[in-house]
Amino acid sequence: MKTHVKALVVGGGAVGTSIAYHLAKAGWDDVMLLERDELTSGSTWHAAGLLPYFNMSFATTHIHDYSIKFYKTLEEETGLDAGFFIVGNLRMAQTKERMDEYMVYATTAETCGVPYEWMTPAQIKERWPLVNVEGLEGAIYHPTDGYINPADVTMAMAKGARQRGVVIERKWQVDGYEWTGSEWKVTLTKMGEKGGNLVPTEETQVITAEHVVTATGNHAQRTAKLLGIKIPAIPVEHQFIVTEPDPELVKYREAGNEQHPVLRDADAKWYVREERGGWILGPYELNAPACFQYGVPDSFRADLFPLDLERIEEEYMSMIERIPSTETVGLKDDFNGPICYTPDGNPLIGPAPGLRNMWLAEGFSFGITAAGGAGYYLAQMMVEGEADIDMASLDPKRFGDWQTIDWAVEKNEESYEHVYILHHPDEERPAARPLRTAPAYERQKALGAQFGCVNGWERPNYYGPLDAPESFDHDARSFRRGGWWKYAMEEAKAIREGVGLIDATAFAKHTVRGNGATEFLDQFTCNKLPKIGRINLTYALTSAGTTRTEYTIVRNGENDYYLVSAGAWQAYDHDYLVKAAEDFMEQTGKLVIIQDVTTQWGVFAIAGPKTRDVLNEVIRDADPATALSNKRFPWLSARQIELGMCPVNAIRVAYTGELGWELHHPIEMQAYLWDLLMKAGEKHGLKPVGARAQNWLRQEKSYRAFGNELGRDATPAEADLPRFIDNSKEFYGKAEMEAKGVRSKCCTLLIDGPEDADPWGREVLYTPEGERVGRLTSGGYSVAFEQSIGMGYIKPELAVEGTKLKVKMFDKLWDATVTCDSPYDPKNETIRKDG
Ligand SMILES: Cc1cc2nc3c(=O)[nH]c(=O)nc-3n(C[C@H](O)[C@H](O)[C@H](O)COP(=O)(O)OP(=O)(O)OC[C@H]3O[C@@H](n4cnc5c(N)ncnc54)[C@H](O)[C@@H]3O)c2cc1C
């Protein structure tokens, strides 16, 4: 057995096998895959093998698209039949709202070039004659996907991997990981058989590896323990049943007809596909329990749980109603197995938190569908430094260190239940909430706040009616303008015309100090560092020159900085910052001390033309009338002020693009400060404002949002931010950014869309002649222009003011015009206003 490799992949399911294959394909010739039992003996062996394209996320759509195309090539490469049946995939809708969902999905699919067709009930019947189409609105049909044999495709990938030099060792279990400073020392135990169980033998081995990837499926909790990190991948019980042959189906096929496409009745929460003259029914029922949250018992091998027919009775009966020929068909087989989930239902793919050269590929619930693409894009990250697509939405660090097993269990069970719910873009999932609340939470709630969840924090999305029933926000959701829209509009207007107060406590906050702080930040970020007392907006780049993080940097002293970044990405930003600082210290011997102070500081953003009127009432200063004047408190500066009895680090910036300040305050004084400001604001019409209005307003100013316009698939130059790039200095990722040029460019568009809907920021863009030229990354409504607004990426030559484009919304093309950068107040006059 080899004792040193470049990359060691742990886990021989579909995912690990694909990763090993793709690492070898990407050029690494020293890759080993370890499996504690047999290949496919985890969840992979009992998967139903469906390969659905349907997914609302841009990154995941790319991953699924790659898998489907890749699996079609495997037989030619390996000579092994991967068992791919391209039968198509027909997803039915019982309601107009479900059709809206499909249309929102379809425009995202188009951004990735995924083909689809629409079907009327009559066309569904033609394509799927055994179905009862009563009560159906229509369907979306994917002609190019279908289902695959999970074991066959894994074996084909394993053969392909071996052909490319990968060594696959079975019956070796990884029992320990140790980082030596330059490589991983991995301890293994040879596994043996005893009474049908898999048991450790006396034989052990140590392997050193430059990189390790864990793809341990249901064993993720054990992996987490071995690594000393948290991995919120916990399985949920999932079942499917196989029926006896259905005489009607047998007759249909004997008449020479092709296989039926996979059929999904999302509103009834099930899928059905053909299986040897009978059917497979796969329900996503309520109350499926999580399992193995403290690890997989030794006695559980390639085992299954007993069938729980009662739990899926509703879905079973609904199948009989929809496919009447199944009524008299008996059950032949059943599968109830662990299926790994994560709190948001997406896998965890990327660098492990806090560790070097340790990569996670865990928590796959559609792992057969995702394996190909996950392997491809993870190998890109490992071999080239970055993937072609922004993998942040799948990054293992998108859940903070505050997570616990109980939390993950609740969220993962919810993710399972939510597979077939309507995936409203304005959805806020309810499980395990409220959990992280700042002191003003109850006060905001009393004012009608409807909360969203950002990195676990409760943050007001908008303020609804005071007497709103519990279900208000749920009922207010829509694929078009939801019931919350009018409240967000009033809030946006309040900021443009009066004054509003936004809770931005969720922001990630770090201090950077030490004798190397200035030198470190100067090479870590692309903009000039601010002078003492001033602030700057700047970007940390990836090794590929794309945007890794956006920071507002406040400089409090020569080597004393306060960094503010997006709230949703606290752990993700922390990890990158700390690792970069460690590298710097090793290279220079200078000291950089990073502290995550997110939970110590609350943040309120107060903005609007009447902001000074409110703050002047409560600021304690020898001359309150001038304390906030341009002279004493210029735009883009920071000062320590006192608001009543609360010490505040005030920063003169406003993400809404209006005159305003961010008020960073000790979190324990937040309730006091909230009361103080709300009371002072009474006579000035101060309105509490939520994140939805803020999101619209920042688009009027073309302020890019992290995770939307800013991410690892575009450079700051492509985000069209030249004023925040200091070309006169050297910084990390600069050469790579320059080498990339500008492949596509960020712009803002005003949109004449449907009367009852705005874009969500996932829509495809065309020229009037019909050429696909880009996509939106943000969308909403502009109160200043009284029409829809969006931001997105298009071909650079089109990103000029006045270019006419078309945006696809609800299956129609609508006029969109590229505006100037910052169409509202392009000269920043209101934001700089003196007073
Ligand atoms: C009933 C059911 C139906 C499903 N249907 C579908 C479907 O239709 N389509 C779809 O896309 N997905 C489906 N899935 C989900 C799919 O099965 C999983 O997402 C997929 O198999 C995950 O693959 P994996 O490689 O991540 O994990 P696994 O297949 O579980 O592989 C992990 C491997 O790691 C090994 N391992 C763990 N720890 C160690 C260690 N320390 N040392 C060495 N080896 C280790 C394990 O032995 C195991 O073989 C279904 C799941 C279930 C339960």
# chains A, B, ... in the order shown; residues from 1 in each chain; ligands from 1
>>> residues_near_ligand(ligand="ligand 1", cutoff="6 Å", atoms="only C-alpha atoms and all ligand atoms", output="PyMOL selection string")
chain A and resi 10-16+34-37+39-44+46-51+172-175+215-219+238-240+335-339+362+364-369
>>> residues_around(residues="Val199 in chain A", least_positions_apart="5", cutoff="10 Å", atoms="only C-alpha atoms", output="PyMOL selection string")
chain A and resi 36-37+171+173+189-194+298-299
>>> closest_residue(among="A:Met319, A:Cys112, A:Ile229, A:Ile594", to="Asp401 in chain A", atoms="only C-alpha atoms")
A:Ile229
>>> residues_around(residues="range 284-295 of chain A", least_positions_apart="6", cutoff="8 Å", atoms="only C-alpha atoms", output="VMD selection string")
chain A and resid 218 to 222 234 to 238 269 to 270 311 to 312 315 338 405 409 412 to 413 416 to 417 419 to 420
>>> closest_residue(among="A:Ile68, A:Ala799, A:Ala82, A:Val262", to="Gly373 in chain A", atoms="only C-alpha atoms")
A:Ile68
>>> closest_residue(among="A:Val186, A:Ala122, A:Leu226, A:Val9", to="Val213 in chain A", atoms="only C-alpha atoms")
A:Val9
>>> select_by_dssp(residues="range 615-746 of chain A", states="strand (DSSP E or B)", output="MDAnalysis selection string")
chainID A and resid 619 637:643 646:651 660:666 687:689 706 710 745:746
>>> atom_distance(atom1="CA of Ile606 in chain A", atom2="CA of Ser822 in chain A")
20.2 Å
>>> atom_distance(atom1="CA of Gly657 in chain A", atom2="CA of Glu491 in chain A")
14.2 Å
>>> residues_around(residues="Arg164 in chain A", least_positions_apart="2", cutoff="12 Å", atoms="only C-alpha atoms", output="list in words")
Ala20, Tyr21, His22, Leu23, Ala24, Lys25, Ala26, Gly27, Trp28, Asp29, Asp30, Val31, Met32, Glu77, Thr78, Met157, Ala158, Lys159, Gly160, Ala161, Arg162, Val166, Val167 and Ile168 of chain A
>>> atom_distance(atom1="CA of Val597 in chain A", atom2="CA of Met381 in chain A")
29.7 Å
>>> closest_residue(among="A:Lys804, A:Arg555, A:Arg692, A:Arg832", to="Trp484 in chain A", atoms="only C-alpha atoms")
A:Arg692
>>> residues_around(residues="Val114 in chain A", least_positions_apart="4", cutoff="9 Å", atoms="only C-alpha atoms", output="PyMOL selection string")
chain A and resi 53+61+65+106+108-110+142+144
>>> write_last_selection(atoms="C-alpha atoms", output="CSV table (one decimal), in the first residue's frame")
chain,number,residue,atom,x,y,z
A,53,TYR,CA,-32.2,19.1,-13.3
A,61,THR,CA,-27.9,24.0,-11.6
A,65,ASP,CA,-25.9,20.1,-15.7
A,106,ALA,CA,-37.0,28.2,-16.0
A,108,THR,CA,-32.6,30.5,-14.1
A,109,ALA,CA,-32.3,27.2,-16.0
A,110,GLU,CA,-31.9,29.3,-19.2
A,142,HIS,CA,-36.9,18.3,-19.1
A,144,THR,CA,-32.5,15.5,-21.4
>>> closest_residue(among="A:Leu378, A:Asn527, A:Thr107, A:Cys340", to="Tyr766 in chain A", atoms="only C-alpha atoms")
A:Thr107
>>> closest_residue(among="A:Trp760, A:Trp118, A:Tyr824, A:Tyr732", to="Gly780 in chain A", atoms="only C-alpha atoms")
A:Trp760
